[in-house]
Amino acid sequence: MEQYNKEQKEAINFKGKHLLLLAGAGTGKTKTIVGRAAHLIESGVLAEKIQILTFTKRSASEIVERVKAVIPEKNAQALNGSTFHSWCNQLITNFPNLFGAANFTLIDADDQLSLMKMACGNKNTGYGKVRIKPQKILDLFSFARNTRINLTAAIRMQLFKGKVDSETDEEIEEVRPVLELLIREYQKLKIEQKYLDYDDLLLVVGNRLNKDEEARKILSKAYEHILVDEMQDTNPLQWFLLAPFENIAKLFCVGDDAQSIYSFRGADFKNVHSFKERVVNSEIKKLDKNYRSTQEILDLSNWLLEKSPIIYNKKLSSHRGAGKKPVILNATNQFEEANYIAEKILKDFRDGGKRFSDFLILSRSQYYTKPLQAVFLQKKIPYETYGGRKFLEAAHIKDVVAIFRVINNPLDQIAWMRYLTFVHGIGEVRASNYLHKILSIDPEDITGDFLSSIIPGPEGEKIKSYYDAVSSNKHNVKQAVSKLYEEMEFDLALKYPKDWIEKRKGDFPVLEMLAAHYSTLGEFITEGILDNSTGLGGTHMLEGSKIKTTEKRDHVIISTVHSAKGLEADVCFVLNVSPKTYPSSYSLGSNEEIEEERRVLYVALTRAKNELIITRTTDSLNAYHSDTDRVDENMDINSAYFLEELPENLVVQETPQGGYRKPRDTEKPNNIDLDFGFDFS
DNA sequence: AGTCGCAATATTTTT
DNA sequence: TATTGCGACT
């Protein structure tokens, strides 16, 4: 049975309408949400009328599992926990007549980019006039929709650093019409091919609920309580979605302004401060006893926050008392850093009685963990990465899924192109010719035979065999995967000669396993895109959703800070806390950006329970960075470095001893004239 | 003309 | 690691 303190109990038993619970790091935030859900169910609320909204599927399922562990499982069976996006997707599917988008195909970031490239490539959109990359246009458009601002304002924010002057206004007016055309084209392509992107999920539901009384009535019967985790990272679009529920359900929101790290997605932690004005009939409560970390770790975290110009009014004090001082490891390069970490883990594992799962390694970026992963592989330390490429985003998986997609939605041109060009001998040009023919007939008449009739030779036969493998097993998704894989295996191996056996082949049994949990092709495709799990490093598992782990192998977790929300570990390494990384040199535009970087570091530091080891390198891959992106040339990067004025008594400094050192050349190129020993005289 | 294979290159953060 | 560009091959 879980034990709760007084503040936690008050929140759990809250009797008013809406509540915002401000809960600092390690104060039992998740535990309290679990307690709240369990309390509601025990006091008679039907589990299916409670919706838990979280940031990742992982935390959603963790909460649901924990609730089930606390109360009799049958009462909690129908409890639903999901991300905002996945929830909207469920609503769209479950209420097809309400939202009118039930049979659309959800597209991922790659597909969005392909589509935007198509939009830019299409004639008379005037793309040539703006030298803005398609990805940048997508980011801008998404930012605008997530913050609910207009195009002009979004251009000002994203392309002109928010500057307000007549010169900027003129420049904005120059690009705005072109961007408008391109975005309209992008939207048109989406509708034509029945696609929804991530933002559409929220908008389709939000728009309908906000303007349709009838829709609100229907949903008011479905939900009584909405529990929102990580409230500080919700953006205006998510608020827009929640607003209609203010009158039809009770909101229980939990967050911490000091942990807001998603402003690039439109989140604004100040929303947390204005909660009471915004939501009528609401109250605010606080949790501030930290149960996670020792005081030394909190002292450092508190210090970091106090150095901020923003007042967070937060000083965590440890319920557990004193422990070890945080360590700063000064390594010269990334390999030394990686080796130090590997050796420490192995030593603690052998002599200290620790398990691998007692370690958590946090990085500002995915990219930076590559050398570490190499060292772990070499030293045979089992690990998993959080925050990498999604399983279903891997190229070889997308190849296979493309056939599912066209059968599920024959208008899906991106999938058709991938499908057709997968076959050896068919390139982009021939594929788009075939596609033209395919789209010109009634979707009902598309069959394997039709495909082989328009595509001559063995290529056509191959295309047909793939098509038939899936279409003849439409109602047995698992069977469809295994039949299709049988047909494709040879060509897949051919396409990925370098890493087929070692890396890719093993993904297909996993895909099959995953498929077994879905009864329709559409569900299979969509859920896969919504599920943010990685397939790197061995134990494949799609957490959160349907697939349970095959076997829970003890492993170290390597995560980006952004994906580490809610995680904690006995020993925590924070990688490369060097200038140009904390804050990131990409974020030197404004004070707001720098302060967000500070919060990123704060989130990282507060994950540690007993040991916090901060590493930094004097010479890392990130240490040299082109100055071209820098906005303010005069800004001295070191002046912004968060650990610059770190009081000595808060940490212990260390350097790796007798450790591995990668053979090194001189630090910088010397402009040596190459000498081939040839006399040209 | 269309497709393939090699080499170079550049990587914040996520649903 | 995935994408892009270029030269070569059918």
# chains A, B, ... in the order shown; residues from 1 in each chain; ligands from 1

$ interface_residues --of "chain A" --to "chain B" --cutoff "9 Å" --atoms "only C-alpha atoms (C1' of nucleotides)" --output "ChimeraX atom specification"
/A:55-56,83-86,198-199,261-262,264-265,364-367,387,424-430,530-532,560-563,584,586

$ interface_residues --of "chain A" --to "chain C" --cutoff "12 Å" --atoms "only C-alpha atoms (C1' of nucleotides)" --output "VMD selection string"
chain A and resid 110 366 to 367 370 388 to 389 393 to 395 425 499

$ select_by_dssp --residues "stretch 188-299 of chain A" --states "alpha helix (DSSP H)" --output "ChimeraX atom specification"
/A:188-192,198-211,213-220,236-242,270-273,275-278,295-299

$ atom_distance --atom1 "atom CA of A:Ile107" --atom2 "atom CA of A:Met417"
14.5 Å

$ residues_around --residues "stretch 476-490 of chain A" --least-positions-apart "5" --cutoff "6 Å" --atoms "only C-alpha atoms (C1' of nucleotides)" --output "PyMOL selection string"
chain A and resi 466+469-470+512+515-516

$ atom_distance --atom1 "atom CA of A:Leu392" --atom2 "atom CA of A:Leu514"
10.8 Å

$ select_by_dssp --residues "stretch 297-371 of chain A" --states "strand (DSSP E or B)" --output "list in words"
Ser317, Ser318, Val327, Ile328, Leu329, Asn330, Ala331, Phe359, Leu360, Ile361, Leu362 and Ser363 of chain A

$ write_last_selection --atoms "all heavy atoms" --output "short mmCIF file (atom, residue, chain, number, x, y, z; two decimals), in the first residue's frame"
data_model
loop_
_atom_site.label_atom_id
_atom_site.label_comp_id
_atom_site.auth_asym_id
_atom_site.auth_seq_id
_atom_site.Cartn_x
_atom_site.Cartn_y
_atom_site.Cartn_z
N SER A 317 13.99 20.74 -0.55
CA SER A 317 14.76 20.22 0.56
C SER A 317 14.53 18.73 0.66
O SER A 317 13.43 18.23 0.42
CB SER A 317 14.36 20.92 1.86
OG SER A 317 13.06 20.57 2.20
N SER A 318 15.60 18.03 0.97
CA SER A 318 15.57 16.59 0.91
C SER A 318 14.97 15.98 2.16
O SER A 318 15.34 16.31 3.28
CB SER A 318 16.98 16.03 0.72
OG SER A 318 16.96 14.64 0.86
N VAL A 327 29.78 14.92 -8.38
CA VAL A 327 31.13 14.91 -8.94
C VAL A 327 31.12 15.58 -10.30
O VAL A 327 30.19 15.39 -11.09
CB VAL A 327 31.63 13.45 -9.10
CG1 VAL A 327 32.93 13.40 -9.88
CG2 VAL A 327 31.78 12.79 -7.74
N ILE A 328 32.14 16.39 -10.54
CA ILE A 328 32.33 16.88 -11.90
C ILE A 328 33.55 16.21 -12.47
O ILE A 328 34.64 16.29 -11.91
CB ILE A 328 32.50 18.41 -11.95
CG1 ILE A 328 31.19 19.08 -11.58
CG2 ILE A 328 32.93 18.84 -13.36
CD1 ILE A 328 31.16 20.56 -11.84
N LEU A 329 33.37 15.52 -13.57
CA LEU A 329 34.49 14.84 -14.20
C LEU A 329 34.98 15.69 -15.37
O LEU A 329 34.24 15.98 -16.30
CB LEU A 329 34.06 13.48 -14.74
CG LEU A 329 35.19 12.80 -15.50
CD1 LEU A 329 36.13 12.11 -14.54
CD2 LEU A 329 34.66 11.87 -16.56
N ASN A 330 36.25 16.08 -15.30
CA ASN A 330 36.82 16.86 -16.39
C ASN A 330 37.62 15.95 -17.31
O ASN A 330 38.75 15.58 -17.00
CB ASN A 330 37.73 17.96 -15.83
CG ASN A 330 36.93 18.94 -14.98
OD1 ASN A 330 36.05 19.63 -15.49
ND2 ASN A 330 37.21 18.98 -13.68
N ALA A 331 37.04 15.60 -18.41
CA ALA A 331 37.74 14.73 -19.36
C ALA A 331 38.24 15.58 -20.52
O ALA A 331 37.76 16.70 -20.73
CB ALA A 331 36.79 13.66 -19.89
N PHE A 359 21.53 2.75 -13.22
CA PHE A 359 22.25 3.84 -13.86
C PHE A 359 21.40 4.51 -14.95
O PHE A 359 20.71 3.84 -15.71
CB PHE A 359 23.55 3.33 -14.50
CG PHE A 359 24.48 2.68 -13.52
CD1 PHE A 359 24.44 1.32 -13.29
CD2 PHE A 359 25.39 3.46 -12.81
CE1 PHE A 359 25.29 0.72 -12.39
CE2 PHE A 359 26.26 2.87 -11.90
CZ PHE A 359 26.21 1.50 -11.68
N LEU A 360 21.52 5.80 -14.98
CA LEU A 360 20.82 6.58 -16.01
C LEU A 360 21.82 7.56 -16.59
O LEU A 360 22.53 8.25 -15.86
CB LEU A 360 19.64 7.33 -15.37
CG LEU A 360 18.87 8.33 -16.21
CD1 LEU A 360 18.19 7.63 -17.39
CD2 LEU A 360 17.83 9.05 -15.35
N ILE A 361 21.87 7.61 -17.90
CA ILE A 361 22.80 8.53 -18.55
C ILE A 361 22.02 9.52 -19.40
O ILE A 361 21.20 9.12 -20.22
CB ILE A 361 23.80 7.76 -19.43
CG1 ILE A 361 24.63 6.85 -18.52
CG2 ILE A 361 24.71 8.72 -20.17
CD1 ILE A 361 25.29 5.73 -19.24
N LEU A 362 22.26 10.79 -19.15
CA LEU A 362 21.46 11.83 -19.79
C LEU A 362 22.31 12.68 -20.71
O LEU A 362 23.42 13.07 -20.37
CB LEU A 362 20.82 12.72 -18.73
CG LEU A 362 19.84 12.00 -17.83
CD1 LEU A 362 19.48 12.84 -16.64
CD2 LEU A 362 18.60 11.61 -18.62
N SER A 363 21.76 12.97 -21.86
CA SER A 363 22.49 13.76 -22.83
C SER A 363 21.60 14.86 -23.39
O SER A 363 20.39 14.70 -23.49
CB SER A 363 22.97 12.86 -23.96
OG SER A 363 23.44 13.64 -25.04
#

$ closest_residue --among "A:Thr93, A:Asn281, A:Gln51, A:Ser590" --to "A:Lys163" --atoms "only C-alpha atoms"
A:Ser590

$ atom_distance --atom1 "atom CA of A:Ser59" --atom2 "atom CA of A:Val254"
13.5 Å

$ residues_around --residues "A:Arg131" --least-positions-apart "4" --cutoff "12 Å" --atoms "only C-alpha atoms (C1' of nucleotides)" --output "MDAnalysis selection string"
chainID A and resid 120 126:127 135:137 159 174:175 178:179

$ decode --residues "chain C" --atoms "all heavy atoms" --output "PDB file, in the first residue's frame"
ATOM      1  P    DT C   1      24.551   3.139 -37.575  1.00  0.00           P
ATOM      2  OP1  DT C   1      25.426   3.080 -38.683  1.00  0.00           O
ATOM      3  OP2  DT C   1      24.425   2.606 -36.344  1.00  0.00           O
ATOM      4  O5'  DT C   1      23.745   4.536 -37.649  1.00  0.00           O
ATOM      5  C5'  DT C   1      22.410   4.710 -37.195  1.00  0.00           C
ATOM      6  C4'  DT C   1      21.678   5.674 -38.069  1.00  0.00           C
ATOM      7  O4'  DT C   1      22.562   6.773 -38.416  1.00  0.00           O
ATOM      8  C3'  DT C   1      21.205   5.054 -39.376  1.00  0.00           C
ATOM      9  O3'  DT C   1      19.866   5.475 -39.584  1.00  0.00           O
ATOM     10  C2'  DT C   1      22.141   5.631 -40.427  1.00  0.00           C
ATOM     11  C1'  DT C   1      22.544   6.968 -39.822  1.00  0.00           C
ATOM     12  N1   DT C   1      23.911   7.423 -40.211  1.00  0.00           N
ATOM     13  C2   DT C   1      24.128   8.770 -40.475  1.00  0.00           C
ATOM     14  O2   DT C   1      23.239   9.601 -40.413  1.00  0.00           O
ATOM     15  N3   DT C   1      25.404   9.077 -40.811  1.00  0.00           N
ATOM     16  C4   DT C   1      26.490   8.223 -40.898  1.00  0.00           C
ATOM     17  O4   DT C   1      27.610   8.622 -41.217  1.00  0.00           O
ATOM     18  C5   DT C   1      26.194   6.836 -40.597  1.00  0.00           C
ATOM     19  C7   DT C   1      27.288   5.831 -40.659  1.00  0.00           C
ATOM     20  C6   DT C   1      24.933   6.507 -40.266  1.00  0.00           C
ATOM     21  P    DA C   2      18.965   4.911 -40.713  1.00  0.00           P
ATOM     22  OP1  DA C   2      17.697   4.579 -40.089  1.00  0.00           O
ATOM     23  OP2  DA C   2      19.667   3.925 -41.541  1.00  0.00           O
ATOM     24  O5'  DA C   2      18.751   6.242 -41.568  1.00  0.00           O
ATOM     25  C5'  DA C   2      18.385   7.445 -40.893  1.00  0.00           C
ATOM     26  C4'  DA C   2      18.383   8.561 -41.898  1.00  0.00           C
ATOM     27  O4'  DA C   2      19.745   8.975 -42.133  1.00  0.00           O
ATOM     28  C3'  DA C   2      17.807   8.168 -43.253  1.00  0.00           C
ATOM     29  O3'  DA C   2      16.958   9.201 -43.695  1.00  0.00           O
ATOM     30  C2'  DA C   2      19.022   7.996 -44.151  1.00  0.00           C
ATOM     31  C1'  DA C   2      20.031   8.943 -43.519  1.00  0.00           C
ATOM     32  N9   DA C   2      21.420   8.521 -43.666  1.00  0.00           N
ATOM     33  C8   DA C   2      21.905   7.242 -43.675  1.00  0.00           C
ATOM     34  N7   DA C   2      23.211   7.173 -43.828  1.00  0.00           N
ATOM     35  C5   DA C   2      23.596   8.502 -43.923  1.00  0.00           C
ATOM     36  C6   DA C   2      24.857   9.115 -44.093  1.00  0.00           C
ATOM     37  N6   DA C   2      25.995   8.432 -44.199  1.00  0.00           N
ATOM     38  N1   DA C   2      24.885  10.458 -44.140  1.00  0.00           N
ATOM     39  C2   DA C   2      23.744  11.143 -44.023  1.00  0.00           C
ATOM     40  N3   DA C   2      22.506  10.684 -43.862  1.00  0.00           N
ATOM     41  C4   DA C   2      22.508   9.342 -43.821  1.00  0.00           C
ATOM     42  P    DT C   3      16.189   9.064 -45.092  1.00  0.00           P
ATOM     43  OP1  DT C   3      14.800   9.400 -44.819  1.00  0.00           O
ATOM     44  OP2  DT C   3      16.536   7.804 -45.790  1.00  0.00           O
ATOM     45  O5'  DT C   3      16.852  10.295 -45.871  1.00  0.00           O
ATOM     46  C5'  DT C   3      17.066  11.513 -45.152  1.00  0.00           C
ATOM     47  C4'  DT C   3      18.117  12.323 -45.858  1.00  0.00           C
ATOM     48  O4'  DT C   3      19.385  11.652 -45.787  1.00  0.00           O
ATOM     49  C3'  DT C   3      17.834  12.562 -47.341  1.00  0.00           C
ATOM     50  O3'  DT C   3      17.844  13.955 -47.587  1.00  0.00           O
ATOM     51  C2'  DT C   3      18.959  11.841 -48.064  1.00  0.00           C
ATOM     52  C1'  DT C   3      20.069  11.860 -47.007  1.00  0.00           C
ATOM     53  N1   DT C   3      21.082  10.785 -47.155  1.00  0.00           N
ATOM     54  C2   DT C   3      22.413  11.145 -47.307  1.00  0.00           C
ATOM     55  O2   DT C   3      22.782  12.298 -47.345  1.00  0.00           O
ATOM     56  N3   DT C   3      23.278  10.085 -47.408  1.00  0.00           N
ATOM     57  C4   DT C   3      22.970   8.735 -47.378  1.00  0.00           C
ATOM     58  O4   DT C   3      23.842   7.890 -47.474  1.00  0.00           O
ATOM     59  C5   DT C   3      21.568   8.428 -47.217  1.00  0.00           C
ATOM     60  C7   DT C   3      21.127   7.003 -47.168  1.00  0.00           C
ATOM     61  C6   DT C   3      20.702   9.453 -47.108  1.00  0.00           C
ATOM     62  P    DT C   4      17.299  14.497 -48.985  1.00  0.00           P
ATOM     63  OP1  DT C   4      16.636  15.768 -48.690  1.00  0.00           O
ATOM     64  OP2  DT C   4      16.590  13.413 -49.700  1.00  0.00           O
ATOM     65  O5'  DT C   4      18.637  14.798 -49.785  1.00  0.00           O
ATOM     66  C5'  DT C   4      19.527  15.816 -49.321  1.00  0.00           C
ATOM     67  C4'  DT C   4      20.789  15.763 -50.148  1.00  0.00           C
ATOM     68  O4'  DT C   4      21.439  14.492 -49.915  1.00  0.00           O
ATOM     69  C3'  DT C   4      20.546  15.853 -51.663  1.00  0.00           C
ATOM     70  O3'  DT C   4      21.202  17.015 -52.162  1.00  0.00           O
ATOM     71  C2'  DT C   4      21.139  14.560 -52.221  1.00  0.00           C
ATOM     72  C1'  DT C   4      22.074  14.098 -51.105  1.00  0.00           C
ATOM     73  N1   DT C   4      22.272  12.623 -51.029  1.00  0.00           N
ATOM     74  C2   DT C   4      23.563  12.130 -51.061  1.00  0.00           C
ATOM     75  O2   DT C   4      24.536  12.841 -51.154  1.00  0.00           O
ATOM     76  N3   DT C   4      23.652  10.767 -50.976  1.00  0.00           N
ATOM     77  C4   DT C   4      22.606   9.862 -50.868  1.00  0.00           C
ATOM     78  O4   DT C   4      22.811   8.668 -50.796  1.00  0.00           O
ATOM     79  C5   DT C   4      21.285  10.449 -50.839  1.00  0.00           C
ATOM     80  C7   DT C   4      20.088   9.573 -50.729  1.00  0.00           C
ATOM     81  C6   DT C   4      21.176  11.789 -50.924  1.00  0.00           C
ATOM     82  P    DG C   5      21.025  17.495 -53.654  1.00  0.00           P
ATOM     83  OP1  DG C   5      20.800  18.948 -53.548  1.00  0.00           O
ATOM     84  OP2  DG C   5      20.050  16.638 -54.342  1.00  0.00           O
ATOM     85  O5'  DG C   5      22.454  17.235 -54.298  1.00  0.00           O
ATOM     86  C5'  DG C   5      23.640  17.369 -53.533  1.00  0.00           C
ATOM     87  C4'  DG C   5      24.783  16.773 -54.330  1.00  0.00           C
ATOM     88  O4'  DG C   5      24.875  15.352 -54.054  1.00  0.00           O
ATOM     89  C3'  DG C   5      24.638  16.904 -55.848  1.00  0.00           C
ATOM     90  O3'  DG C   5      25.896  17.263 -56.405  1.00  0.00           O
ATOM     91  C2'  DG C   5      24.186  15.513 -56.293  1.00  0.00           C
ATOM     92  C1'  DG C   5      24.873  14.625 -55.263  1.00  0.00           C
ATOM     93  N9   DG C   5      24.210  13.348 -55.014  1.00  0.00           N
ATOM     94  C8   DG C   5      22.862  13.134 -54.842  1.00  0.00           C
ATOM     95  N7   DG C   5      22.560  11.883 -54.598  1.00  0.00           N
ATOM     96  C5   DG C   5      23.784  11.234 -54.610  1.00  0.00           C
ATOM     97  C6   DG C   5      24.101   9.867 -54.409  1.00  0.00           C
ATOM     98  O6   DG C   5      23.334   8.932 -54.176  1.00  0.00           O
ATOM     99  N1   DG C   5      25.473   9.627 -54.502  1.00  0.00           N
ATOM    100  C2   DG C   5      26.415  10.594 -54.760  1.00  0.00           C
ATOM    101  N2   DG C   5      27.678  10.185 -54.805  1.00  0.00           N
ATOM    102  N3   DG C   5      26.137  11.876 -54.940  1.00  0.00           N
ATOM    103  C4   DG C   5      24.813  12.118 -54.851  1.00  0.00           C
ATOM    104  P    DC C   6      26.024  17.677 -57.913  1.00  0.00           P
ATOM    105  OP1  DC C   6      26.817  18.921 -57.918  1.00  0.00           O
ATOM    106  OP2  DC C   6      24.710  17.624 -58.574  1.00  0.00           O
ATOM    107  O5'  DC C   6      26.932  16.518 -58.519  1.00  0.00           O
ATOM    108  C5'  DC C   6      28.125  16.112 -57.847  1.00  0.00           C
ATOM    109  C4'  DC C   6      28.554  14.777 -58.396  1.00  0.00           C
ATOM    110  O4'  DC C   6      27.663  13.746 -57.912  1.00  0.00           O
ATOM    111  C3'  DC C   6      28.527  14.693 -59.929  1.00  0.00           C
ATOM    112  O3'  DC C   6      29.772  14.221 -60.391  1.00  0.00           O
ATOM    113  C2'  DC C   6      27.399  13.713 -60.228  1.00  0.00           C
ATOM    114  C1'  DC C   6      27.375  12.859 -58.970  1.00  0.00           C
ATOM    115  N1   DC C   6      26.071  12.206 -58.698  1.00  0.00           N
ATOM    116  C2   DC C   6      26.030  10.856 -58.340  1.00  0.00           C
ATOM    117  O2   DC C   6      27.085  10.228 -58.250  1.00  0.00           O
ATOM    118  N3   DC C   6      24.826  10.271 -58.088  1.00  0.00           N
ATOM    119  C4   DC C   6      23.708  10.991 -58.190  1.00  0.00           C
ATOM    120  N4   DC C   6      22.555  10.374 -57.926  1.00  0.00           N
ATOM    121  C5   DC C   6      23.724  12.371 -58.559  1.00  0.00           C
ATOM    122  C6   DC C   6      24.910  12.938 -58.802  1.00  0.00           C
ATOM    123  P    DG C   7      30.173  14.448 -61.910  1.00  0.00           P
ATOM    124  OP1  DG C   7      31.338  15.332 -61.916  1.00  0.00           O
ATOM    125  OP2  DG C   7      28.980  14.789 -62.683  1.00  0.00           O
ATOM    126  O5'  DG C   7      30.658  12.992 -62.332  1.00  0.00           O
ATOM    127  C5'  DG C   7      31.489  12.240 -61.464  1.00  0.00           C
ATOM    128  C4'  DG C   7      31.254  10.768 -61.717  1.00  0.00           C
ATOM    129  O4'  DG C   7      29.921  10.408 -61.266  1.00  0.00           O
ATOM    130  C3'  DG C   7      31.331  10.350 -63.194  1.00  0.00           C
ATOM    131  O3'  DG C   7      32.103   9.164 -63.276  1.00  0.00           O
ATOM    132  C2'  DG C   7      29.868  10.143 -63.579  1.00  0.00           C
ATOM    133  C1'  DG C   7      29.260   9.668 -62.271  1.00  0.00           C
ATOM    134  N9   DG C   7      27.834   9.887 -62.110  1.00  0.00           N
ATOM    135  C8   DG C   7      27.130  11.050 -62.358  1.00  0.00           C
ATOM    136  N7   DG C   7      25.849  10.943 -62.093  1.00  0.00           N
ATOM    137  C5   DG C   7      25.699   9.633 -61.642  1.00  0.00           C
ATOM    138  C6   DG C   7      24.540   8.944 -61.214  1.00  0.00           C
ATOM    139  O6   DG C   7      23.392   9.357 -61.140  1.00  0.00           O
ATOM    140  N1   DG C   7      24.836   7.632 -60.846  1.00  0.00           N
ATOM    141  C2   DG C   7      26.082   7.068 -60.889  1.00  0.00           C
ATOM    142  N2   DG C   7      26.172   5.799 -60.500  1.00  0.00           N
ATOM    143  N3   DG C   7      27.172   7.702 -61.286  1.00  0.00           N
ATOM    144  C4   DG C   7      26.908   8.981 -61.651  1.00  0.00           C
ATOM    145  P    DA C   8      32.493   8.505 -64.634  1.00  0.00           P
ATOM    146  OP1  DA C   8      33.896   8.057 -64.520  1.00  0.00           O
ATOM    147  OP2  DA C   8      32.061   9.397 -65.736  1.00  0.00           O
ATOM    148  O5'  DA C   8      31.543   7.223 -64.630  1.00  0.00           O
ATOM    149  C5'  DA C   8      31.691   6.250 -63.599  1.00  0.00           C
ATOM    150  C4'  DA C   8      30.646   5.173 -63.807  1.00  0.00           C
ATOM    151  O4'  DA C   8      29.329   5.733 -63.554  1.00  0.00           O
ATOM    152  C3'  DA C   8      30.593   4.612 -65.237  1.00  0.00           C
ATOM    153  O3'  DA C   8      30.345   3.221 -65.144  1.00  0.00           O
ATOM    154  C2'  DA C   8      29.411   5.337 -65.849  1.00  0.00           C
ATOM    155  C1'  DA C   8      28.486   5.408 -64.637  1.00  0.00           C
ATOM    156  N9   DA C   8      27.435   6.432 -64.717  1.00  0.00           N
ATOM    157  C8   DA C   8      27.549   7.722 -65.148  1.00  0.00           C
ATOM    158  N7   DA C   8      26.429   8.397 -65.089  1.00  0.00           N
ATOM    159  C5   DA C   8      25.511   7.485 -64.582  1.00  0.00           C
ATOM    160  C6   DA C   8      24.149   7.571 -64.288  1.00  0.00           C
ATOM    161  N6   DA C   8      23.421   8.685 -64.457  1.00  0.00           N
ATOM    162  N1   DA C   8      23.539   6.470 -63.798  1.00  0.00           N
ATOM    163  C2   DA C   8      24.260   5.352 -63.621  1.00  0.00           C
ATOM    164  N3   DA C   8      25.556   5.154 -63.864  1.00  0.00           N
ATOM    165  C4   DA C   8      26.130   6.268 -64.347  1.00  0.00           C
ATOM    166  P    DC C   9      30.821   2.231 -66.235  1.00  0.00           P
ATOM    167  OP1  DC C   9      32.071   1.603 -65.769  1.00  0.00           O
ATOM    168  OP2  DC C   9      30.769   2.929 -67.539  1.00  0.00           O
ATOM    169  O5'  DC C   9      29.672   1.138 -66.214  1.00  0.00           O
ATOM    170  C5'  DC C   9      28.967   0.837 -65.001  1.00  0.00           C
ATOM    171  C4'  DC C   9      27.502   0.609 -65.300  1.00  0.00           C
ATOM    172  O4'  DC C   9      26.812   1.879 -65.383  1.00  0.00           O
ATOM    173  C3'  DC C   9      27.233  -0.096 -66.628  1.00  0.00           C
ATOM    174  O3'  DC C   9      26.372  -1.207 -66.396  1.00  0.00           O
ATOM    175  C2'  DC C   9      26.550   0.959 -67.488  1.00  0.00           C
ATOM    176  C1'  DC C   9      25.871   1.804 -66.431  1.00  0.00           C
ATOM    177  N1   DC C   9      25.533   3.183 -66.842  1.00  0.00           N
ATOM    178  C2   DC C   9      24.231   3.665 -66.656  1.00  0.00           C
ATOM    179  O2   DC C   9      23.392   2.916 -66.148  1.00  0.00           O
ATOM    180  N3   DC C   9      23.923   4.933 -67.040  1.00  0.00           N
ATOM    181  C4   DC C   9      24.869   5.711 -67.583  1.00  0.00           C
ATOM    182  N4   DC C   9      24.525   6.946 -67.932  1.00  0.00           N
ATOM    183  C5   DC C   9      26.206   5.242 -67.775  1.00  0.00           C
ATOM    184  C6   DC C   9      26.501   3.995 -67.406  1.00  0.00           C
ATOM    185  P    DT C  10      26.189  -2.350 -67.503  1.00  0.00           P
ATOM    186  OP1  DT C  10      26.342  -3.648 -66.832  1.00  0.00           O
ATOM    187  OP2  DT C  10      27.008  -2.000 -68.680  1.00  0.00           O
ATOM    188  O5'  DT C  10      24.659  -2.160 -67.878  1.00  0.00           O
ATOM    189  C5'  DT C  10      23.641  -2.432 -66.916  1.00  0.00           C
ATOM    190  C4'  DT C  10      22.299  -1.997 -67.496  1.00  0.00           C
ATOM    191  O4'  DT C  10      22.293  -0.566 -67.643  1.00  0.00           O
ATOM    192  C3'  DT C  10      22.040  -2.592 -68.869  1.00  0.00           C
ATOM    193  O3'  DT C  10      20.862  -3.378 -68.834  1.00  0.00           O
ATOM    194  C2'  DT C  10      21.833  -1.397 -69.798  1.00  0.00           C
ATOM    195  C1'  DT C  10      21.593  -0.252 -68.835  1.00  0.00           C
ATOM    196  N1   DT C  10      22.109   1.066 -69.327  1.00  0.00           N
ATOM    197  C2   DT C  10      21.257   2.144 -69.330  1.00  0.00           C
ATOM    198  O2   DT C  10      20.108   2.089 -68.959  1.00  0.00           O
ATOM    199  N3   DT C  10      21.832   3.315 -69.775  1.00  0.00           N
ATOM    200  C4   DT C  10      23.135   3.492 -70.223  1.00  0.00           C
ATOM    201  O4   DT C  10      23.511   4.585 -70.600  1.00  0.00           O
ATOM    202  C5   DT C  10      23.955   2.319 -70.190  1.00  0.00           C
ATOM    203  C7   DT C  10      25.380   2.387 -70.668  1.00  0.00           C
ATOM    204  C6   DT C  10      23.415   1.161 -69.752  1.00  0.00           C
TER     205       DT C  10
END
